[in-house]
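Shown below: target01.txt, with compact mmCIF, C-alpha atoms.
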# COMPACT_ATOMS: atom_id res chain seq x y z
CA LEU A 1 91.21 81.25 86.96
CA LEU A 2 91.24 82.81 90.41
CA ARG A 3 90.70 79.42 92.01
CA ILE A 4 93.27 77.66 89.79
CA VAL A 5 96.07 80.16 90.43
CA ALA A 6 95.27 80.38 94.15
CA ARG A 7 95.43 76.58 94.44
CA ARG A 8 98.68 76.38 92.46
CA ALA A 9 100.26 79.19 94.51
CA ASP A 10 99.27 77.46 97.76
CA GLU A 11 100.83 74.19 96.50
CA ILE A 12 104.06 75.95 95.54
CA GLU A 13 104.26 77.76 98.89
CA ARG A 14 103.88 74.39 100.67
CA GLY A 15 106.71 72.96 98.59
CA ALA A 16 104.54 70.51 96.70
CA ALA A 17 105.69 69.32 93.28
CA VAL A 18 103.69 71.30 90.73
CA GLU A 19 103.77 70.95 86.96
CA ILE A 20 103.84 74.51 85.59
CA PRO A 21 102.67 74.68 81.97
CA GLU A 22 103.38 77.58 79.63
CA PRO A 23 100.43 79.99 80.09
CA GLY A 24 98.41 80.99 77.05
CA ARG A 25 97.45 84.56 76.35
CA GLY A 26 93.78 83.63 76.51
CA GLU A 27 94.17 82.72 80.18
CA MET A 28 95.23 86.25 80.96
CA HIS A 29 91.93 87.66 79.73
CA ALA A 30 89.76 85.21 81.65
CA VAL A 31 89.29 87.65 84.52
CA SER A 32 86.58 89.67 82.87
CA ALA A 33 84.21 92.23 84.31
CA GLY A 34 81.49 89.58 84.49
CA ALA A 35 83.69 87.16 86.44
CA ALA A 36 84.75 89.97 88.76
CA ARG A 37 81.14 90.95 89.50
CA GLN A 38 80.29 87.33 90.33
CA ARG A 39 82.97 87.52 93.04
CA GLY A 40 81.60 90.74 94.53
CA VAL A 41 84.01 93.12 92.80
CA ALA A 42 82.80 96.55 91.71
CA VAL A 43 84.21 97.22 88.23
CA HIS A 44 84.53 100.85 87.08
CA GLN A 45 84.16 101.87 83.44
CA HIS A 46 87.89 101.99 82.81
CA PRO A 47 89.10 98.41 82.10
CA CYS A 48 92.22 98.87 84.26
CA ALA A 49 90.34 100.26 87.29
CA VAL A 50 88.88 97.45 89.37
CA ARG A 51 87.82 98.41 92.87
CA VAL A 52 86.99 95.80 95.50
CA ARG A 53 84.00 96.41 97.71
CA ALA A 54 84.04 93.60 100.23
CA PRO A 55 84.90 90.13 98.91
CA HIS A 56 86.47 88.18 101.77
CA GLY A 57 90.02 87.01 101.12
CA LEU A 58 90.44 88.70 97.75
CA GLY A 59 93.52 90.55 98.99
CA ARG A 60 95.17 87.20 99.58
CA LYS A 61 94.20 86.07 96.09
CA ARG A 62 95.83 89.19 94.63
CA GLU A 63 99.06 88.26 96.43
CA GLN A 64 98.86 84.76 94.97
CA PHE A 65 98.46 86.15 91.43
CA ALA A 66 101.59 88.26 91.98
CA PHE A 67 103.38 85.20 93.34
CA GLY A 68 102.42 83.14 90.27
CA HIS A 69 103.62 85.95 88.01
CA ARG A 70 107.01 86.16 89.76
CA LEU A 71 107.49 82.40 89.36
CA GLY A 72 106.73 82.63 85.65
CA TYR A 73 103.55 80.56 85.81
CA LEU A 74 101.52 83.61 84.77
CA GLN A 75 102.67 85.83 81.93
CA PHE A 76 100.80 88.79 83.42
CA ASP A 77 99.80 89.76 86.95
CA VAL A 78 96.13 90.10 86.06
CA ALA A 79 95.09 91.07 89.62
CA ARG A 80 97.41 94.06 89.83
CA PRO A 81 94.71 96.61 88.78
CA LEU A 82 92.60 95.72 91.85
CA ARG A 83 92.25 98.70 94.17
CA PHE A 84 91.02 98.31 97.74
CA PRO A 85 89.06 101.06 99.52
CA ALA A 86 90.55 102.60 102.65
CA LEU A 87 89.33 100.94 105.82
CA ARG A 88 88.57 102.67 109.07
CA GLU A 89 91.42 102.38 111.58
CA LYS A 90 90.17 100.42 114.59
CA LEU A 91 93.39 100.05 116.60
CA ALA A 92 92.05 102.19 119.46
CA GLU A 93 89.18 99.73 119.89
CA ARG A 94 91.66 96.88 120.40
CA ILE A 95 93.61 98.40 123.31
CA LEU A 96 92.66 97.00 126.70
CA GLU A 97 92.63 99.02 129.90
CA GLU A 98 95.41 98.11 132.32
CA THR A 99 92.85 96.97 134.88
CA ASP A 100 91.34 94.57 132.32
CA VAL A 101 94.72 92.99 131.60
CA LEU A 102 95.57 92.63 135.28
CA ARG A 103 92.18 91.03 135.93
CA MET A 104 92.78 88.52 133.09
CA ILE A 105 96.09 87.55 134.69
CA ALA A 106 94.83 87.47 138.28
CA LEU A 107 91.88 85.19 137.50
CA GLU A 108 93.99 82.62 135.64
CA SER A 109 94.63 79.71 138.01
CA MET A 110 96.82 77.46 135.82
CA PRO A 111 100.53 78.38 136.29
CA ARG A 112 101.47 77.76 132.64
CA ASN A 113 98.60 79.84 131.31
CA LYS A 114 99.26 82.64 133.80
CA ALA A 115 102.90 82.71 132.64
CA ILE A 116 101.69 82.89 129.02
CA LEU A 117 99.53 85.94 129.78
CA LEU A 118 102.28 87.61 131.78
CA THR A 119 104.88 87.06 129.06
CA LEU A 120 102.63 88.24 126.22
CA TYR A 121 101.80 91.43 128.09
CA ALA A 122 105.15 92.22 129.71
CA GLY A 123 107.20 91.51 126.58
CA GLY A 124 104.81 92.57 123.82
CA PHE A 125 105.54 89.32 122.00
CA ARG A 126 103.78 88.04 118.90
CA VAL A 127 102.04 84.72 119.41
CA ALA A 128 104.41 82.93 116.98
CA GLU A 129 107.40 84.20 118.95
CA LEU A 130 105.90 82.92 122.19
CA CYS A 131 105.14 79.48 120.76
CA SER A 132 108.70 79.00 119.49
CA LEU A 133 110.45 79.94 122.76
CA LYS A 134 113.06 77.49 124.07
CA TRP A 135 114.85 77.70 127.40
CA SER A 136 118.04 78.65 125.58
CA ASP A 137 116.26 81.89 124.57
CA LEU A 138 116.06 82.93 128.23
CA GLN A 139 119.09 84.40 129.97
CA GLY A 140 119.26 85.39 133.63
CA ARG A 141 120.25 88.92 134.67
CA ASP A 142 120.70 89.57 138.39
CA THR A 143 117.36 88.68 140.00
CA ALA A 144 115.40 88.74 136.73
CA GLY A 145 116.25 87.96 133.11
CA GLN A 146 115.80 88.60 129.43
CA ILE A 147 114.26 86.82 126.44
CA THR A 148 115.75 86.86 122.94
CA VAL A 149 113.45 86.19 120.00
CA PHE A 150 113.96 85.97 116.25
CA GLY A 151 110.82 87.59 114.97
CA LYS A 152 109.04 89.18 112.05
CA GLY A 153 111.22 90.59 109.29
CA GLY A 154 114.20 88.48 110.35
CA LYS A 155 114.91 90.77 113.32
CA THR A 156 116.38 89.62 116.61
CA ARG A 157 115.04 91.36 119.72
CA THR A 158 116.05 91.10 123.36
CA ILE A 159 113.42 92.05 125.94
CA LEU A 160 114.04 92.49 129.65
CA MET A 161 111.55 90.70 131.89
CA PRO A 162 110.36 91.99 135.29
CA GLN A 163 111.29 89.78 138.21
CA SER A 164 107.67 88.63 138.76
CA VAL A 165 107.38 87.43 135.14
CA TRP A 166 110.83 85.84 135.24
CA ASN A 167 109.94 83.91 138.40
CA ALA A 168 106.67 82.71 136.84
CA LEU A 169 108.60 81.41 133.82
CA GLN A 170 111.31 79.70 135.86
CA SER A 171 108.69 77.88 137.91
CA LEU A 172 107.69 76.01 134.75
CA ARG A 173 111.15 74.67 133.91
CA ASN A 174 111.71 71.84 136.36
CA ASP A 175 114.40 69.65 134.71
CA ALA A 176 113.78 70.77 131.09
CA GLY A 177 116.86 71.06 128.86
CA GLU A 178 118.09 74.10 126.97
CA ASN A 179 116.36 73.06 123.73
CA SER A 180 113.06 72.17 125.36
CA PRO A 181 110.04 74.42 124.74
CA VAL A 182 109.22 76.95 127.45
CA PHE A 183 105.49 76.44 126.99
CA ARG A 184 104.92 72.73 126.50
CA SER A 185 101.87 70.96 125.17
CA ARG A 186 100.54 67.80 126.78
CA LYS A 187 102.67 65.79 124.35
CA GLY A 188 105.81 67.67 125.40
CA GLY A 189 106.25 69.77 122.26
CA HIS A 190 105.75 73.44 121.54
CA LEU A 191 102.24 74.79 122.01
CA ASP A 192 100.32 75.52 118.83
CA GLU A 193 99.28 79.13 118.18
CA SER A 194 95.61 78.14 118.35
CA GLN A 195 96.16 76.88 121.91
CA ILE A 196 97.61 80.23 122.96
CA TRP A 197 94.65 82.00 121.36
CA ARG A 198 92.26 79.82 123.40
CA VAL A 199 94.11 80.67 126.62
CA VAL A 200 93.77 84.40 125.93
CA ARG A 201 90.15 84.12 124.83
CA LYS A 202 89.11 82.18 127.93
CA ALA A 203 91.01 84.60 130.19
CA SER A 204 89.17 87.57 128.69
CA GLU A 205 85.80 85.86 129.09
CA ARG A 206 86.65 84.98 132.69
CA ALA A 207 87.52 88.63 133.32
CA GLY A 208 84.16 89.75 131.93
CA ILE A 209 85.59 91.61 128.93
CA ASP A 210 82.83 91.83 126.34
CA LYS A 211 85.17 92.03 123.33
CA ASP A 212 86.68 89.56 120.89
CA VAL A 213 90.11 89.69 122.55
CA SER A 214 93.06 88.07 120.79
CA CYS A 215 96.75 87.60 121.60
CA HIS A 216 97.68 90.69 119.60
CA TRP A 217 95.53 92.84 121.86
CA LEU A 218 98.01 92.18 124.68
CA ARG A 219 100.82 93.34 122.38
CA HIS A 220 98.91 96.58 121.69
CA ALA A 221 98.23 96.97 125.41
CA HIS A 222 101.93 96.53 126.20
CA ALA A 223 102.91 99.32 123.80
CA SER A 224 100.11 101.67 124.85
CA HIS A 225 100.63 101.26 128.59
CA ALA A 226 104.41 101.59 128.26
CA LEU A 227 103.97 104.93 126.46
CA ASP A 228 101.51 106.04 129.12
CA ARG A 229 104.20 105.39 131.74
CA GLY A 230 106.72 107.52 129.86
CA ALA A 231 108.72 104.89 127.96
CA PRO A 232 110.63 106.31 124.94
CA ILE A 233 108.67 105.62 121.77
CA HIS A 234 111.72 104.15 119.95
CA LEU A 235 111.98 101.46 122.64
CA VAL A 236 108.31 100.45 122.52
Can you present the structure in this file as structure tokens?
Amino acid sequence: LLRIVARRADEIERGAAVEIPEPGRGEMHAVSAGAARQRGVAVHQHPCAVRVRAPHGLGRKREQFAFGHRLGYLQFDVARPLRFPALREKLAERILEETDVLRMIALESMPRNKAILLTLYAGGFRVAELCSLKWSDLQGRDTAGQITVFGKGGKTRTILMPQSVWNALQSLRNDAGENSPVFRSRKGGHLDESQIWRVVRKASERAGIDKDVSCHWLRHAHASHALDRGAPIHLV
């Protein structure tokens, strides 16, 4: 049942045409203690208390059950009793030293990739926001400029860019139009998120950072270093 509902929920989220039959009550009881244990779930004595130990991706499956229930495909949200143990907070381990970030940027020789690193760090952008940037999202201000993004939660943010970052971005434009992507792929379209991840990963390896650095680490570094320099917390 877990696999069926997860597959149906994925199809619905992608917009695929899905025939949704009327669920039977027997389906709702298919997630038994035995089935849960086969998937690595620790089941307590109380039938409504199911605690997950470490099955990979089960949190996503619980969301898909809830999604199927909201659509009416499932009469009951049978995954709702799942309870996840608290995980150790590891944010501090994912914050780079300022010298590490500067070394990543300095050792990058490709202008486009250097501009990507500079923009991620200076603006604290999410990788999806960076990939979707068009030249119309950039506005000049005196000798520098600002970038406006429509990001997570449907929020619009405007971030001021230092002159050095602004100049690095403008050097990429050439004769590109307002609706052209700022960071172009070889085919002329927007870069894929996986390509940005590879740029960051290679830059960290080149800088000798022995950690599994991702794009989001530069966002954490931006916030942490800004606070260290006295920036107001409500602006970070």
note - CA of Trp166 in chain A and CA of Leu227 in chain A are separated by 22.1 Å
Rank A:Glu97, A:Asp192, A:Asp142, A:Asp77 by their smallest atom-to-atom distance to Asp228 in chain A, using all atoms listed in the file, and report the top residue only. A:Glu97
May I ask which of the residues A:His222, A:Lys187, A:Arg103, A:Arg70 is the closest one to Ser204 in chain A, counting all atoms listed in the file? A:Arg103
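When all atoms listed in the file are used to compute distances to Asn167 in chain A, the closest of the residues A:Lys61, A:Lys114, A:Arg83, A:His225 turns out to be A:Lys114.
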Do you have the CA of His220 in chain A-CA of Ala115 in chain A distance handy?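 CA of Ala115 in chain A lies at a distance of 18.1 Å from CA of His220 in chain A.
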For a quick check of understanding, using only C-alpha atoms, which of A:Gln170, A:Ala221, A:Arg201, A:Leu130 has the smallest distance to Pro111 in chain A?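 Closest candidate: A:Gln170.
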Spatial neighbours of Leu218 in chain A, 12 Å, all atoms listed in the file, chain gap at least 2 places, as a VMD selection string: chain A and resid 94 to 98 100 to 102 104 to 105 116 to 127 197 200 to 201 203 to 204 213 to 216 220 to 226
By how many Å are CA of Cys131 in chain A and CA of Gln64 in chain A apart? 27.1 Å
Of the listed residues A:Ala79, A:Ala128, A:Met110, A:Val182, that which approaches Ile196 in chain A most closely, counting all atoms listed in the file: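 Ranked by minimum distance to Ile196 in chain A, first place goes to A:Ala128.
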